[in-house]
file work.pdb (PDB, C-alpha atoms)
ATOM      1  CA  LEU A1452      20.492   8.650  14.408
ATOM      2  CA  ASP A1453      23.013   7.044  12.070
ATOM      3  CA  PRO A1454      21.234   6.773   8.688
ATOM      4  CA  ARG A1455      23.024   3.493   8.089
ATOM      5  CA  ASN A1456      20.926   2.038  10.884
ATOM      6  CA  ALA A1457      17.585   2.915   9.300
ATOM      7  CA  VAL A1458      15.692   1.333   6.413
ATOM      8  CA  ILE A1459      12.626   2.441   4.448
ATOM      9  CA  THR A1460      10.536  -0.450   3.171
ATOM     10  CA  LYS A1461       7.121  -1.500   1.941
ATOM     11  CA  PRO A1462       4.984  -3.042   4.718
ATOM     12  CA  CYS A1463       5.593  -6.598   3.468
ATOM     13  CA  GLU A1464       9.342  -6.000   3.520
ATOM     14  CA  ALA A1465       9.138  -4.484   6.995
ATOM     15  CA  SER A1466       7.355  -7.620   8.182
ATOM     16  CA  ALA A1467       9.943  -9.901   6.599
ATOM     17  CA  LEU A1468      12.828  -7.917   8.074
ATOM     18  CA  ASP A1469      11.247  -7.821  11.511
ATOM     19  CA  ARG A1470      10.736 -11.594  11.501
ATOM     20  CA  LEU A1471      14.249 -12.272  10.224
ATOM     21  CA  LEU A1472      15.813 -10.149  12.955
ATOM     22  CA  LYS A1473      13.750 -11.872  15.640
ATOM     23  CA  GLU A1474      14.586 -15.361  14.347
ATOM     24  CA  ARG A1475      18.276 -14.499  14.320
ATOM     25  CA  GLY A1476      18.084 -13.013  17.777
ATOM     26  CA  GLU A1477      19.738  -9.813  16.588
ATOM     27  CA  GLU A1478      20.468  -7.461  19.462
ATOM     28  CA  GLU A1479      20.815  -4.389  17.244
ATOM     29  CA  ARG A1480      17.830  -3.581  15.089
ATOM     30  CA  PRO A1481      17.730  -0.841  12.436
ATOM     31  CA  LEU A1482      15.011   1.764  12.644
ATOM     32  CA  ILE A1483      12.308   0.447  10.292
ATOM     33  CA  LEU A1484      10.302   3.114   8.476
ATOM     34  CA  SER A1485       7.374   2.186   6.257
ATOM     35  CA  PHE A1486       4.337   3.689   4.560
ATOM     36  CA  PHE A1487       0.775   2.819   3.605
ATOM     37  CA  CYS A1488       0.945   0.706   0.464
ATOM     38  CA  ALA A1489      -1.882   0.146  -2.009
ATOM     39  CA  GLY A1490       0.053  -2.607  -3.778
ATOM     40  CA  VAL A1491       2.462  -3.029  -6.666
ATOM     41  CA  PRO A1492       0.958  -2.535 -10.138
ATOM     42  CA  SER A1493       1.761  -4.670 -13.151
ATOM     43  CA  GLN A1494       4.991  -3.756 -14.907
ATOM     44  CA  HIS A1495       3.109  -4.121 -18.188
ATOM     45  CA  ALA A1496       0.686  -1.408 -17.064
ATOM     46  CA  THR A1497       3.583   0.931 -16.290
ATOM     47  CA  ASP A1498       5.147   0.231 -19.690
ATOM     48  CA  ASP A1499       1.812   0.831 -21.440
ATOM     49  CA  LEU A1500       1.247   4.129 -19.626
ATOM     50  CA  VAL A1501       4.726   5.407 -20.496
ATOM     51  CA  ARG A1502       4.099   4.493 -24.115
ATOM     52  CA  GLU A1503       0.688   6.173 -24.191
ATOM     53  CA  LEU A1504       2.194   9.361 -22.782
ATOM     54  CA  GLY A1505       4.482   9.585 -25.777
ATOM     55  CA  VAL A1506       7.652   7.638 -25.123
ATOM     56  CA  PRO A1507       8.166   5.193 -28.006
ATOM     57  CA  ASP A1508       9.323   1.620 -27.485
ATOM     58  CA  GLY A1509      13.091   1.359 -27.361
ATOM     59  CA  GLU A1510      13.700   4.859 -26.020
ATOM     60  CA  GLU A1511      15.639   4.493 -22.789
ATOM     61  CA  LEU A1512      14.217   6.050 -19.639
ATOM     62  CA  THR A1513      16.521   8.160 -17.533
ATOM     63  CA  GLY A1514      13.969   8.656 -14.766
ATOM     64  CA  LEU A1515      10.559   7.413 -13.608
ATOM     65  CA  ARG A1516       8.425   8.721 -10.731
ATOM     66  CA  TYR A1517       5.068   7.317  -9.771
ATOM     67  CA  ARG A1518       4.610  10.369  -7.543
ATOM     68  CA  GLY A1519       6.697  13.292  -6.362
ATOM     69  CA  SER A1520       7.576  16.976  -6.801
ATOM     70  CA  GLY A1521       4.220  17.922  -5.304
ATOM     71  CA  TRP A1522       1.356  16.271  -3.460
ATOM     72  CA  PRO A1523       0.092  13.875  -4.462
ATOM     73  CA  GLY A1524       2.492  14.506  -7.350
ATOM     74  CA  ARG A1525       2.422  13.419 -10.969
ATOM     75  CA  PHE A1526       3.482  10.205 -12.674
ATOM     76  CA  THR A1527       6.512  11.337 -14.674
ATOM     77  CA  ALA A1528       8.827   9.593 -17.122
ATOM     78  CA  THR A1529      11.934  11.233 -18.577
ATOM     79  CA  THR A1530      14.336  10.343 -21.362
ATOM     80  CA  ALA A1531      17.309  12.163 -22.829
ATOM     81  CA  SER A1532      14.980  14.091 -25.137
ATOM     82  CA  ARG A1533      11.606  14.429 -23.403
ATOM     83  CA  GLU A1534       9.584  14.459 -20.200
ATOM     84  CA  VAL A1535       6.010  13.208 -20.083
ATOM     85  CA  SER A1536       3.590  13.088 -17.163
ATOM     86  CA  THR A1537      -0.004  12.692 -16.044
ATOM     87  CA  ASP A1538      -1.892  13.387 -12.830
ATOM     88  CA  TYR A1539      -2.217  10.941  -9.956
ATOM     89  CA  ARG A1540      -5.930  10.303 -10.485
ATOM     90  CA  THR A1541      -5.285   9.191 -14.056
ATOM     91  CA  SER A1542      -2.077   7.268 -13.449
ATOM     92  CA  TRP A1543      -3.055   5.380 -10.320
ATOM     93  CA  GLY A1544      -6.826   5.577 -10.286
ATOM     94  CA  ASP A1545      -7.455   4.724 -13.947
ATOM     95  CA  ARG A1546      -4.420   2.828 -15.167
ATOM     96  CA  LEU A1547      -2.137   1.372 -12.523
ATOM     97  CA  GLY A1548      -4.337   0.745  -9.478
ATOM     98  CA  PRO A1549      -6.641  -1.740 -11.261
ATOM     99  CA  THR A1550      -3.600  -3.871 -12.208
ATOM    100  CA  VAL A1551      -2.293  -4.435  -8.683
ATOM    101  CA  GLN A1552      -0.809  -7.913  -8.342
ATOM    102  CA  TRP A1553      -2.837 -10.721  -6.776
ATOM    103  CA  ARG A1554      -0.417 -11.170  -3.881
ATOM    104  CA  CYS A1555      -1.070  -7.537  -2.904
ATOM    105  CA  LYS A1556      -4.832  -8.024  -3.021
ATOM    106  CA  ILE A1557      -4.593 -10.734  -0.361
ATOM    107  CA  CYS A1558      -2.069  -8.884   1.811
ATOM    108  CA  PRO A1559      -3.527  -8.154   5.269
ATOM    109  CA  ASP A1560      -0.998  -5.449   6.107
ATOM    110  CA  GLY A1561      -0.796  -2.419   3.873
ATOM    111  CA  VAL A1562      -0.172  -0.138   6.854
ATOM    112  CA  GLY A1563       3.308  -1.052   8.077
ATOM    113  CA  GLU A1564       2.412  -2.826  11.316
ATOM    114  CA  SER A1565       5.934  -4.244  11.704
ATOM    115  CA  ALA A1566       7.648  -0.871  11.312
ATOM    116  CA  ASP A1567       8.690   1.558  14.028
ATOM    117  CA  LEU A1568       6.969   4.408  12.179
ATOM    118  CA  ALA A1569       4.521   4.255   9.276
ATOM    119  CA  ALA A1570       3.581   7.245   7.115
ATOM    120  CA  CYS A1571       0.417   7.772   5.101
ATOM    121  CA  ASP A1572      -1.327  10.415   3.035
ATOM    122  CA  TYR A1573      -3.788  12.362   5.136
ATOM    123  CA  TRP A1574      -6.134  13.158   2.281
ATOM    124  CA  GLU A1575      -8.755  15.844   1.985
ATOM    125  CA  THR A1576     -12.075  14.143   1.247
ATOM    126  CA  ASP A1577     -15.313  14.912  -0.576
ATOM    127  CA  GLU A1578     -18.769  14.950   1.012
ATOM    128  CA  ASN A1579     -18.921  11.157   0.738
ATOM    129  CA  GLY A1580     -15.615  10.698   2.519
ATOM    130  CA  TYR A1581     -13.694   9.691  -0.604
ATOM    131  CA  PRO A1582     -10.145  11.110  -0.941
ATOM    132  CA  LEU A1583      -9.542  14.059  -3.254
ATOM    133  CA  PHE A1584      -6.396  13.925  -5.349
ATOM    134  CA  GLU A1585      -6.053  17.525  -6.524
ATOM    135  CA  GLU A1586      -2.566  18.996  -6.131
ATOM    136  CA  GLY A1587      -2.109  20.918  -2.905
ATOM    137  CA  ASP A1588      -0.024  21.328   0.217
ATOM    138  CA  GLY A1589       0.932  17.878   1.369
ATOM    139  CA  ARG A1590      -0.189  16.446   4.686
ATOM    140  CA  SER A1591       0.931  13.141   6.108
ATOM    141  CA  GLY A1592      -0.129  10.988   9.003
ATOM    142  CA  LEU A1593       2.482   9.201  11.102
ATOM    143  CA  LEU A1594       1.597   6.084  13.064
ATOM    144  CA  VAL A1595       3.871   5.209  15.968
ATOM    145  CA  ARG A1596       4.271   1.432  16.119
ATOM    146  CA  THR A1597       7.025   1.048  18.734
ATOM    147  CA  GLU A1598       8.516   2.977  21.624
ATOM    148  CA  ARG A1599      11.614   3.549  19.527
ATOM    149  CA  GLY A1600       9.462   5.063  16.826
ATOM    150  CA  ARG A1601       7.879   7.362  19.401
ATOM    151  CA  GLU A1602      11.292   8.530  20.596
ATOM    152  CA  VAL A1603      12.474   9.280  17.064
ATOM    153  CA  LEU A1604       9.273  11.174  16.225
ATOM    154  CA  HIS A1605       9.454  13.315  19.360
ATOM    155  CA  ALA A1606      13.146  14.024  18.753
ATOM    156  CA  ALA A1607      12.391  15.137  15.188
ATOM    157  CA  MET A1608       9.625  17.464  16.384
ATOM    158  CA  GLU A1609      11.774  18.934  19.142
ATOM    159  CA  ALA A1610      14.522  19.607  16.583
ATOM    160  CA  GLY A1611      12.052  21.373  14.288
ATOM    161  CA  VAL A1612      12.413  18.803  11.520
ATOM    162  CA  LEU A1613       8.707  17.939  11.738
ATOM    163  CA  GLU A1614       5.635  19.865  12.810
ATOM    164  CA  GLY A1615       2.355  18.275  13.682
ATOM    165  CA  GLN A1616      -0.440  17.556  16.069
ATOM    166  CA  ARG A1617      -2.095  14.480  17.494
ATOM    167  CA  ILE A1618      -4.832  12.828  15.419
ATOM    168  CA  ALA A1619      -6.995   9.860  16.337
ATOM    169  CA  ALA A1620      -6.553   6.543  14.542
ATOM    170  CA  PRO A1621     -10.180   6.580  13.259
ATOM    171  CA  GLY A1622      -9.353   9.842  11.505
ATOM    172  CA  ILE A1623      -6.650   8.116   9.490
ATOM    173  CA  ALA A1624      -8.907   5.153   8.721
ATOM    174  CA  ALA A1625     -11.571   7.534   7.427
ATOM    175  CA  VAL A1626      -9.269   9.048   4.791
ATOM    176  CA  GLN A1627      -7.731   5.688   3.843
ATOM    177  CA  PRO A1628     -10.830   3.724   2.753
ATOM    178  CA  GLY A1629      -8.800   1.501   0.442
ATOM    179  CA  GLN A1630      -6.814   0.099   3.351
ATOM    180  CA  THR A1631      -9.843  -0.660   5.494
ATOM    181  CA  TRP A1632     -11.749  -2.135   2.526
ATOM    182  CA  ARG A1633      -8.879  -4.438   1.593
ATOM    183  CA  ARG A1634      -8.438  -5.847   5.084
ATOM    184  CA  GLU A1635     -12.176  -6.406   5.411
ATOM    185  CA  ASN A1636     -12.128  -8.445   2.189
ATOM    186  CA  VAL A1637      -8.932 -10.464   2.591
ATOM    187  CA  TRP A1638     -10.594 -13.420   4.313
ATOM    188  CA  GLY A1639     -13.262 -13.695   1.614
ATOM    189  CA  ARG A1640     -10.650 -13.507  -1.133
ATOM    190  CA  LEU A1641      -8.596 -16.230   0.500
ATOM    191  CA  VAL A1642     -11.628 -18.501   0.858
ATOM    192  CA  GLY A1643     -12.669 -17.887  -2.753
ATOM    193  CA  ALA A1644      -9.206 -18.669  -4.083
ATOM    194  CA  ARG A1645      -9.031 -21.840  -1.969
ATOM    195  CA  LEU A1646     -12.402 -22.997  -3.306
ATOM    196  CA  ALA A1647     -10.983 -22.562  -6.802
ATOM    197  CA  GLY A1648      -8.095 -24.863  -5.943
ATOM    198  CA  ARG A1649      -5.455 -22.208  -5.333
ATOM    199  CA  ARG A1650      -2.947 -22.446  -2.497
ATOM    200  CA  VAL A1651      -3.167 -19.409  -0.236
ATOM    201  CA  PRO A1652      -1.048 -18.104   2.650
ATOM    202  CA  ARG A1653      -2.077 -18.448   6.284
ATOM    203  CA  TYR A1654      -1.904 -15.252   8.322
ATOM    204  CA  LEU A1655      -1.526 -15.118  12.086
ATOM    205  CA  GLY A1656      -2.334 -12.192  14.328
ATOM    206  CA  PHE A1657      -4.927 -10.501  12.106
ATOM    207  CA  PRO A1658      -8.686 -10.502  12.919
ATOM    208  CA  LEU A1659      -9.592 -11.303   9.319
ATOM    209  CA  ARG A1660     -12.444 -13.727  10.035
ATOM    210  CA  ARG A1661     -14.040 -11.331  12.513
ATOM    211  CA  LEU A1662     -13.862  -8.457  10.032
ATOM    212  CA  ALA A1663     -15.368 -10.669   7.341
ATOM    213  CA  LEU A1664     -18.296 -11.700   9.535
ATOM    214  CA  GLU A1665     -19.175  -8.082  10.306
ATOM    215  CA  ASP A1666     -20.687  -7.833   6.813
ATOM    216  CA  PRO A1667     -21.632 -11.312   5.479
ATOM    217  CA  ARG A1668     -23.002  -9.976   2.188
ATOM    218  CA  ARG A1669     -19.767  -8.167   1.429
ATOM    219  CA  THR A1670     -17.808 -11.289   2.271
ATOM    220  CA  VAL A1671     -19.932 -13.501   0.041
ATOM    221  CA  ARG A1672     -19.306 -11.104  -2.844
ATOM    222  CA  ALA A1673     -15.561 -11.254  -2.129
ATOM    223  CA  ILE A1674     -15.630 -15.065  -2.073
ATOM    224  CA  ARG A1675     -17.519 -15.289  -5.346
ATOM    225  CA  GLY A1676     -15.385 -12.698  -7.094
ATOM    226  CA  SER A1677     -12.124 -14.245  -5.918
ATOM    227  CA  ARG A1678     -13.222 -17.748  -6.914
ATOM    228  CA  ARG A1679     -14.266 -16.551 -10.357
ATOM    229  CA  ARG A1680     -11.008 -14.704 -10.984
ATOM    230  CA  ALA A1681      -8.893 -17.592  -9.686
ATOM    231  CA  ARG A1682     -10.642 -20.033 -12.021
ATOM    232  CA  ALA A1683     -10.299 -17.675 -14.966
ATOM    233  CA  SER A1684      -6.612 -17.251 -14.202
ATOM    234  CA  ALA A1685      -6.090 -21.010 -14.065
ATOM    235  CA  VAL A1686      -7.816 -21.492 -17.423
ATOM    236  CA  LYS A1687      -5.782 -18.680 -19.006
ATOM    237  CA  GLY A1688      -2.544 -20.172 -17.735
ATOM    238  CA  SER A1689      -3.324 -23.714 -18.897
TER     239      SER A1689
END
call {"tool": "encode", "arguments": {"input": "work.pdb", "output": "structure tokens"}}
result
Amino acid sequence: LDPRNAVITKPCEASALDRLLKERGEEERPLILSFFCAGVPSQHATDDLVRELGVPDGEELTGLRYRGSGWPGRFTATTASREVSTDYRTSWGDRLGPTVQWRCKICPDGVGESADLAACDYWETDENGYPLFEEGDGRSGLLVRTERGREVLHAAMEAGVLEGQRIAAPGIAAVQPGQTWRRENVWGRLVGARLAGRRVPRYLGFPLRRLALEDPRRTVRAIRGSRRRARASAVKGS
């Protein structure tokens, strides 16, 4: 496969690219690779975390990793004179995750549905089914979305580039509770924001209403919380 004919994108970008190619009637389509995305945190939160780890304002960064060099890997910032880092649980769980942008909180697709292949962390979990984030040997799940994706995956395994075994989709859902929880709450968040006078996107092809009605109490909480936050945001911005 010519690497110039492959792209790696966030799920939202994969969706936009897929739609653009279809609208243009492009005959040749790049291989679209994506990954499970929990959302994009506030840039201010990233700046604050770098500062708290010991990099003073004005000192130029030469490198920044949210993860990497391990699994799940540490948040690491480097300058010409220092390297600072913290573990994934602290960086994402405590500092960055809570600041995810609003548009990500109402995104119905954090799992790369428009990609040919989508990768995700296949976490170890505790007795309650919640992912553990201690450093260890990395394991990933790969979801085949298209026949082309299947062909590429099988070719990679036959060439010895990848090793793996078949896992059921519910197994991935079980170790990715954040993805299932977000999709279950999108409809309630959209309704709450609309009740607060906010314009919201309209999504086609996702069973958001059905998922919301499976747990009415959860949905009512999502509506109330979203309406409250949308009103508070409007007042703050006025």
call {"tool": "atom_distance", "arguments": {"input": "work.pdb", "atom1": "atom CA of A:Glu1665", "atom2": "atom CA of A:Gln1627"}}
result
19.0 Å
call {"tool": "residues_around", "arguments": {"input": "work.pdb", "residues": "A:Leu1482", "least_positions_apart": "3", "cutoff": "12 Å", "atoms": "all atoms listed in the file", "output": "list in words"}}
result
Leu1452, Asp1453, Pro1454, Arg1455, Asn1456, Ala1457, Val1458, Ile1459, Thr1460, Ala1465, Leu1468, Asp1469, Leu1472, Glu1479, Ser1485, Ser1565, Ala1566, Asp1567, Leu1568, Ala1569, Arg1596, Thr1597, Glu1598, Arg1599, Gly1600, Arg1601, Glu1602, Val1603 and Leu1604 of chain A
call {"tool": "resolve_selection", "arguments": {"input": "work.pdb", "expression": "the PyMOL selection byres ((chain A and resi 1625) around 12)", "output": "PyMOL selection string"}}
result
chain A and resi 1572-1577+1579-1582+1618-1624+1626-1632
call {"tool": "residues_around", "arguments": {"input": "work.pdb", "residues": "A:Gly1490", "least_positions_apart": "6", "cutoff": "8 Å", "atoms": "all atoms listed in the file", "output": "list in words"}}
result
Gly1548, Val1551, Gln1552, Cys1555, Lys1556 and Gly1561 of chain A
call {"tool": "closest_residue", "arguments": {"input": "work.pdb", "among": "A:Lys1461, A:Arg1546, A:Arg1679, A:Arg1533", "to": "A:Asp1560", "atoms": "all atoms listed in the file"}}
result
A:Lys1461
call {"tool": "atom_distance", "arguments": {"input": "work.pdb", "atom1": "atom CA of A:Asp1538", "atom2": "atom CA of A:Val1501"}}
result
12.9 Å
call {"tool": "residues_around", "arguments": {"input": "work.pdb", "residues": "A:Ile1674", "least_positions_apart": "2", "cutoff": "6 Å", "atoms": "all atoms listed in the file", "output": "JSON list (two decimals) with C-alpha atoms, in the frame of the given file"}}
result
[["chain", "number", "residue", "atom", "x", "y", "z"],
["A", 1639, "GLY", "CA", -13.26, -13.70, 1.61],
["A", 1640, "ARG", "CA", -10.65, -13.51, -1.13],
["A", 1643, "GLY", "CA", -12.67, -17.89, -2.75],
["A", 1671, "VAL", "CA", -19.93, -13.50, 0.04],
["A", 1672, "ARG", "CA", -19.31, -11.10, -2.84],
["A", 1676, "GLY", "CA", -15.38, -12.70, -7.09],
["A", 1677, "SER", "CA", -12.12, -14.24, -5.92]]
call {"tool": "atom_distance", "arguments": {"input": "work.pdb", "atom1": "atom CA of A:Val1637", "atom2": "atom CA of A:Ala1673"}}
result
8.2 Å
call {"tool": "closest_residue", "arguments": {"input": "work.pdb", "among": "A:Tyr1517, A:Tyr1539, A:Trp1553, A:Trp1522", "to": "A:Ser1591", "atoms": "only C-alpha atoms"}}
result
A:Trp1522
call {"tool": "closest_residue", "arguments": {"input": "work.pdb", "among": "A:Phe1487, A:Asp1666, A:Glu1586, A:Glu1609", "to": "A:Gly1519", "atoms": "all atoms listed in the file"}}
result
A:Glu1586
call {"tool": "closest_residue", "arguments": {"input": "work.pdb", "among": "A:Pro1481, A:Gly1514, A:Pro1549, A:Pro1559", "to": "A:Leu1662", "atoms": "only C-alpha atoms"}}
result
A:Pro1559
call {"tool": "closest_residue", "arguments": {"input": "work.pdb", "among": "A:Glu1635, A:Arg1669, A:Leu1547, A:Leu1512", "to": "A:His1495", "atoms": "all atoms listed in the file"}}
result
A:Leu1547
